[in-house]
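Student: To start, I am sharing the structure in question, which I have written as structure tokens.
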Amino acid sequence: MLPPLNSIVSRLRLKQLRLLVALGDHGSLIKAAEQVALTQPGASKALHEIESALGATLFVRTNRGLEPNDVGHVVIRYARLIQTDLAHLREEMIGILQGHGGRLSLGTIMGAVPLLTEALSRLLEKRQALSVEIVEDTSAHLLHMLDEGRLDLAICRTSISQRPHLYDSLDVRDEQLAVVANKSHPLAQEKKLVLSDLAGFRWVVYSANMPMRLLLEREFHEAGLRFPLYLLETTSAFTTLSLLQRNPTLVALLSTDVAQFCSRFGMTTVLPLELHSRSEPYQLVTRHGSVLSPVARLFIQELTQESGDVASL
């Protein structure tokens with residue numbers, strides 16, 4: 001049985017975490033000991049203390065050196081995260097002490113990227129020394145990162161979570177969707193299309209059970225059409241655009257903001273198809289009860305442009 005968390009926290013030291021990361025990098029106790037300025041006996045003792053504190057063996061001795069087992073891989077991954085967080089802590093402290101800067105970790109779903117970048121650009125004009133991390137992913141993964149404290153806030157949707165009460169959320173914009181394709185698509189010059197015109201083409205879509213995918217399935221169902229069988233599934237905007245560029249017969253469903261951005265630069269064209277289903281709005285999401293940093297509140301202010309809305313988060 002693993003020891004309780006309080007026991008682990010009280011027994012582990014930061015230098016031991018550095019040793020774990022070094023062992024993961026080198027697979028050699030001698031090289032790892034050199035990197036963290038320990039003798040080899042000292043490193044052996046430290047590794048024994050780590051495994052004792054965690055209540056598990058982390059490495060297997062082979063003819064190539066020390067190799068992490070499954071538990072070891074997990075522990076090394078979290079040791080790296082702790083080191084990264086400490087680096088971010090120092091970076092943010094420097095910014096605060098110098099009276100500017102700071103650090104902001106933002107998450108966004110694909111369709112909300114233009115919305116996020118607009119607000120962020122305005123903020124960076126005021127905070128030029130600000131360091132920013134942006135993660136683009138599905139709502140499910142972004143909420144998981146919020147749970148772990150890896151993000152300050154995210155623009156996504158809480159409806160996909162089985163525990164939406166864990167989050168504070170604010171609707172920030174209704175999402176409108178558009179069907180896009182390569183400028184050379186066979187139907188690109190048509191004045192008006194209906195869904196049956198596109199039913200025979202291959203679609204690039206989000207994964208099953210994601211809001212945008214569910215909306216498209218509903219459109220096909222309400223039109224009395226069978227949903228396409230041969231799909232290309234991705235959550236990546238870049239992959240979607242690359243596929244459309246390579247194959248002029250593909251079609252994809254994107255947010256109108258993203259579709260207009262891509263069309264403005266000649267990457268795609270918006271097909272003249274009117275969708276009848278309404279998409280869920282984008283939400284500004286934070287962990288329930290979390291204390292937001294001053295720079296996070298500034299970003300929210302830029303995003304919402306309404307102090308009354310900011311106060312509700």
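Identifiers in this document derive from the order of the structure tokens: chains are assigned A, B, ..., residues are numbered from 1 separately in each chain, and ligands are numbered from 1 in order of occurrence.
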Going by DSSP on the backbone, which bits of region 90-293 of chain A are strand (DSSP E)? Write them as number ranges by chain, please.
Tutor: A: 103-108, 131-136, 153-156, 167-173, 177-181, 203-205, 232-233, 251-255, 269-270, 282-287
Student: Contacts of Trp203 (chain A) at 8 Å or less, counting only C-alpha atoms, minus same-chain residues fewer than 5 places along, as a list in words?
Tutor: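 Neighbouring residues, sequence-local ones excluded: Pro228, Tyr230, Leu231, Leu232, Leu250, Val251 and Ala252 of chain A.
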Student: Selection from above, N, CA, C and O atoms, as a PDB file, in the first residue's frame, can you write it?
Tutor:
```
ATOM      1  N   PRO A 228     -21.920  10.655 -42.941  1.00  0.00           N
ATOM      2  CA  PRO A 228     -20.838  10.044 -43.729  1.00  0.00           C
ATOM      3  C   PRO A 228     -20.086   8.958 -42.956  1.00  0.00           C
ATOM      4  O   PRO A 228     -19.832   9.100 -41.755  1.00  0.00           O
ATOM      5  N   TYR A 230     -16.996   7.527 -43.989  1.00  0.00           N
ATOM      6  CA  TYR A 230     -15.540   7.584 -44.102  1.00  0.00           C
ATOM      7  C   TYR A 230     -15.068   8.987 -43.734  1.00  0.00           C
ATOM      8  O   TYR A 230     -15.081   9.912 -44.547  1.00  0.00           O
ATOM      9  N   LEU A 231     -14.668   9.122 -42.477  1.00  0.00           N
ATOM     10  CA  LEU A 231     -14.339  10.429 -41.917  1.00  0.00           C
ATOM     11  C   LEU A 231     -12.843  10.556 -41.671  1.00  0.00           C
ATOM     12  O   LEU A 231     -12.115   9.571 -41.527  1.00  0.00           O
ATOM     13  N   LEU A 232     -12.397  11.786 -41.599  1.00  0.00           N
ATOM     14  CA  LEU A 232     -11.055  12.106 -41.108  1.00  0.00           C
ATOM     15  C   LEU A 232     -11.253  12.866 -39.803  1.00  0.00           C
ATOM     16  O   LEU A 232     -11.779  13.978 -39.809  1.00  0.00           O
ATOM     17  N   LEU A 250     -12.189  17.501 -50.075  1.00  0.00           N
ATOM     18  CA  LEU A 250     -12.575  17.415 -48.668  1.00  0.00           C
ATOM     19  C   LEU A 250     -13.391  18.634 -48.250  1.00  0.00           C
ATOM     20  O   LEU A 250     -13.251  19.718 -48.817  1.00  0.00           O
ATOM     21  N   VAL A 251     -14.219  18.453 -47.229  1.00  0.00           N
ATOM     22  CA  VAL A 251     -14.931  19.568 -46.604  1.00  0.00           C
ATOM     23  C   VAL A 251     -14.772  19.429 -45.093  1.00  0.00           C
ATOM     24  O   VAL A 251     -14.538  18.335 -44.571  1.00  0.00           O
ATOM     25  N   ALA A 252     -14.896  20.547 -44.373  1.00  0.00           N
ATOM     26  CA  ALA A 252     -14.733  20.528 -42.921  1.00  0.00           C
ATOM     27  C   ALA A 252     -15.657  21.553 -42.288  1.00  0.00           C
ATOM     28  O   ALA A 252     -16.069  22.527 -42.930  1.00  0.00           O
TER      29      ALA A 252
END
```
Student: In Å, rounded to a single decimal, give me how far CA of Leu166 (chain A) is from CA of His73 (chain A).
Tutor: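 So the answer is 29.1 Å.
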Student: Just the residues within 12 Å of Arg127 (chain A), please, counting only C-alpha atoms, with nothing from its chain fewer than 5 positions along; format it as a list in words.
Tutor: Gly95, Ile96, Gly99, His100, Gly101, Gly102, Arg103, Leu104, Leu120, Ser121, Arg122, Val132, Pro294, Val295, Ala296, Leu298 and Phe299 of chain A
Student: Would you output that residue set with N, CA and C atoms, as a PDB file, in the first residue's frame?
Tutor:
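Result written to again_32.pdb:
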```
ATOM      1  N   GLY A  95       8.898  39.055 -12.455  1.00  0.00           N
ATOM      2  CA  GLY A  95       8.028  40.039 -13.088  1.00  0.00           C
ATOM      3  C   GLY A  95       7.307  40.907 -12.075  1.00  0.00           C
ATOM      4  N   ILE A  96       6.810  40.271 -10.995  1.00  0.00           N
ATOM      5  CA  ILE A  96       6.093  41.032  -9.965  1.00  0.00           C
ATOM      6  C   ILE A  96       7.033  41.986  -9.237  1.00  0.00           C
ATOM      7  N   GLY A  99       7.800  44.989 -11.072  1.00  0.00           N
ATOM      8  CA  GLY A  99       6.655  45.850 -11.320  1.00  0.00           C
ATOM      9  C   GLY A  99       6.005  45.665 -12.666  1.00  0.00           C
ATOM     10  N   HIS A 100       6.309  44.564 -13.348  1.00  0.00           N
ATOM     11  CA  HIS A 100       5.688  44.310 -14.647  1.00  0.00           C
ATOM     12  C   HIS A 100       5.763  42.813 -14.920  1.00  0.00           C
ATOM     13  N   GLY A 101       5.318  42.419 -16.075  1.00  0.00           N
ATOM     14  CA  GLY A 101       5.478  41.028 -16.481  1.00  0.00           C
ATOM     15  C   GLY A 101       4.510  40.096 -15.789  1.00  0.00           C
ATOM     16  N   GLY A 102       5.008  38.941 -15.384  1.00  0.00           N
ATOM     17  CA  GLY A 102       4.163  37.884 -14.863  1.00  0.00           C
ATOM     18  C   GLY A 102       4.027  36.772 -15.878  1.00  0.00           C
ATOM     19  N   ARG A 103       3.229  35.758 -15.530  1.00  0.00           N
ATOM     20  CA  ARG A 103       3.056  34.612 -16.421  1.00  0.00           C
ATOM     21  C   ARG A 103       1.584  34.241 -16.475  1.00  0.00           C
ATOM     22  N   LEU A 104       1.154  33.807 -17.642  1.00  0.00           N
ATOM     23  CA  LEU A 104      -0.246  33.470 -17.864  1.00  0.00           C
ATOM     24  C   LEU A 104      -0.314  32.194 -18.678  1.00  0.00           C
ATOM     25  N   LEU A 120      -5.617  38.691 -26.133  1.00  0.00           N
ATOM     26  CA  LEU A 120      -4.232  38.607 -25.696  1.00  0.00           C
ATOM     27  C   LEU A 120      -3.379  39.693 -26.342  1.00  0.00           C
ATOM     28  N   SER A 121      -3.627  39.990 -27.603  1.00  0.00           N
ATOM     29  CA  SER A 121      -2.858  41.040 -28.279  1.00  0.00           C
ATOM     30  C   SER A 121      -3.051  42.386 -27.597  1.00  0.00           C
ATOM     31  N   ARG A 122      -4.287  42.665 -27.176  1.00  0.00           N
ATOM     32  CA  ARG A 122      -4.538  43.922 -26.460  1.00  0.00           C
ATOM     33  C   ARG A 122      -3.821  43.939 -25.117  1.00  0.00           C
ATOM     34  N   VAL A 132       3.562  34.063 -21.763  1.00  0.00           N
ATOM     35  CA  VAL A 132       2.265  33.418 -21.968  1.00  0.00           C
ATOM     36  C   VAL A 132       2.460  32.014 -22.536  1.00  0.00           C
ATOM     37  N   PRO A 294      -3.532  38.771 -10.669  1.00  0.00           N
ATOM     38  CA  PRO A 294      -3.888  40.066 -11.279  1.00  0.00           C
ATOM     39  C   PRO A 294      -3.821  40.049 -12.803  1.00  0.00           C
ATOM     40  N   VAL A 295      -2.808  39.363 -13.368  1.00  0.00           N
ATOM     41  CA  VAL A 295      -2.678  39.356 -14.822  1.00  0.00           C
ATOM     42  C   VAL A 295      -3.774  38.511 -15.465  1.00  0.00           C
ATOM     43  N   ALA A 296      -4.231  37.463 -14.767  1.00  0.00           N
ATOM     44  CA  ALA A 296      -5.348  36.670 -15.282  1.00  0.00           C
ATOM     45  C   ALA A 296      -6.625  37.498 -15.309  1.00  0.00           C
ATOM     46  N   LEU A 298      -6.723  40.720 -15.636  1.00  0.00           N
ATOM     47  CA  LEU A 298      -6.563  41.683 -16.728  1.00  0.00           C
ATOM     48  C   LEU A 298      -6.935  41.052 -18.059  1.00  0.00           C
ATOM     49  N   PHE A 299      -6.523  39.787 -18.242  1.00  0.00           N
ATOM     50  CA  PHE A 299      -6.881  39.106 -19.493  1.00  0.00           C
ATOM     51  C   PHE A 299      -8.394  38.953 -19.604  1.00  0.00           C
TER      52      PHE A 299
END
```
Student: Find, counting only C-alpha atoms, the residue in A:Arg246, A:Lys45, A:Arg173, A:His185 that gets nearest to Leu303 (chain A).
Tutor: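 Closest candidate: A:Arg173.
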Student: Excluding region 196-198 of chain A and residues on its chain fewer than 4 positions from it, collect all residues at most 9 Å away from it, counting only C-alpha atoms, and give them as a PyMOL selection string.
Tutor: chain A and resi 187+202-203+220+223+225+251
Student: Could you write out that same residue set with N, CA, C and O atoms as a CSV table (one decimal), in the first residue's frame?
Tutor:
```
chain,number,residue,atom,x,y,z
A,187,LEU,N,-17.5,22.4,-55.7
A,187,LEU,CA,-18.7,23.2,-55.4
A,187,LEU,C,-18.4,24.6,-54.9
A,187,LEU,O,-19.3,25.3,-54.5
A,202,ARG,N,-16.0,13.5,-48.6
A,202,ARG,CA,-15.4,13.1,-47.3
A,202,ARG,C,-15.2,14.3,-46.4
A,202,ARG,O,-14.7,15.4,-46.8
A,203,TRP,N,-15.6,14.2,-45.1
A,203,TRP,CA,-15.5,15.3,-44.2
A,203,TRP,C,-14.4,15.1,-43.2
A,203,TRP,O,-14.0,14.0,-42.8
A,220,PHE,N,-27.3,16.3,-40.2
A,220,PHE,CA,-27.5,15.2,-41.1
A,220,PHE,C,-28.8,14.5,-40.8
A,220,PHE,O,-29.6,14.1,-41.7
A,223,ALA,N,-31.9,16.5,-41.7
A,223,ALA,CA,-32.0,16.5,-43.1
A,223,ALA,C,-32.4,15.2,-43.7
A,223,ALA,O,-32.6,15.1,-45.0
A,225,LEU,N,-30.6,12.5,-43.8
A,225,LEU,CA,-29.4,12.0,-44.5
A,225,LEU,C,-28.6,11.1,-43.6
A,225,LEU,O,-28.5,11.3,-42.4
A,251,VAL,N,-14.2,18.5,-47.2
A,251,VAL,CA,-14.9,19.6,-46.6
A,251,VAL,C,-14.8,19.4,-45.1
A,251,VAL,O,-14.5,18.3,-44.6
```
Student: If I take CA of Asn247 (chain A) and CA of Leu275 (chain A), how far is one from the other in Å, to one decimal?
Tutor: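 Between CA of Asn247 (chain A) and CA of Leu275 (chain A) the gap works out to 23.4 Å.
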Student: For CA of Asp257 (chain A) and CA of Thr269 (chain A), determine how far apart the two atoms are, in Å to one decimal place.
Tutor: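 Separating CA of Asp257 (chain A) from CA of Thr269 (chain A) is a distance of 12.7 Å.
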Student: In terms of the shortest atom-to-atom distance over only C-alpha atoms, which of A:Leu66, A:Val60, A:Ile82, A:Ala112 is closest to Leu29 (chain A)?
Tutor: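 Nearest candidate to Leu29 (chain A) out of A:Leu66, A:Val60, A:Ile82, A:Ala112: A:Leu66.
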Student: For Leu106 (chain A), which residue out of A:Asp85, A:Glu222, A:Glu118, A:Glu136 is the nearest one, using only C-alpha atoms?
Tutor: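 Ranking A:Asp85, A:Glu222, A:Glu118, A:Glu136 by distance to Leu106 (chain A), first place goes to A:Glu136.
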Student: Identify which of the residues A:Arg11, A:Lys192, A:Arg213, A:Arg163 lies closest to Glu280 (chain A), counting only C-alpha atoms when measuring atom-to-atom distances.
Tutor: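 Looking only at the distances to Glu280 (chain A), the closest residue turns out to be A:Arg213.
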Student: Write out as a count of residues only each polymer residue whose atoms come within 7 Å of Thr235 (chain A), counting only C-alpha atoms; drop sequence neighbours fewer than 6 positions from it.
Tutor: 3
Student: Compare A:Ala22, A:Ala259, A:Leu89, A:Val172 by their minimum atom-to-atom distance to Thr304 (chain A), counting only C-alpha atoms, and give me the closest one.
Tutor: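 Ranked by minimum distance to Thr304 (chain A), first place goes to A:Val172.
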Student: What's the 10 Å shell around Gly65 (chain A), counting only C-alpha atoms, without same-chain residues fewer than 5 positions away, as a list in words?
Tutor: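 Listed by chain and then number, they are Leu23, His26, Gly27, Ser28, Leu29, Ile30, Phe59 and Val60 of chain A.
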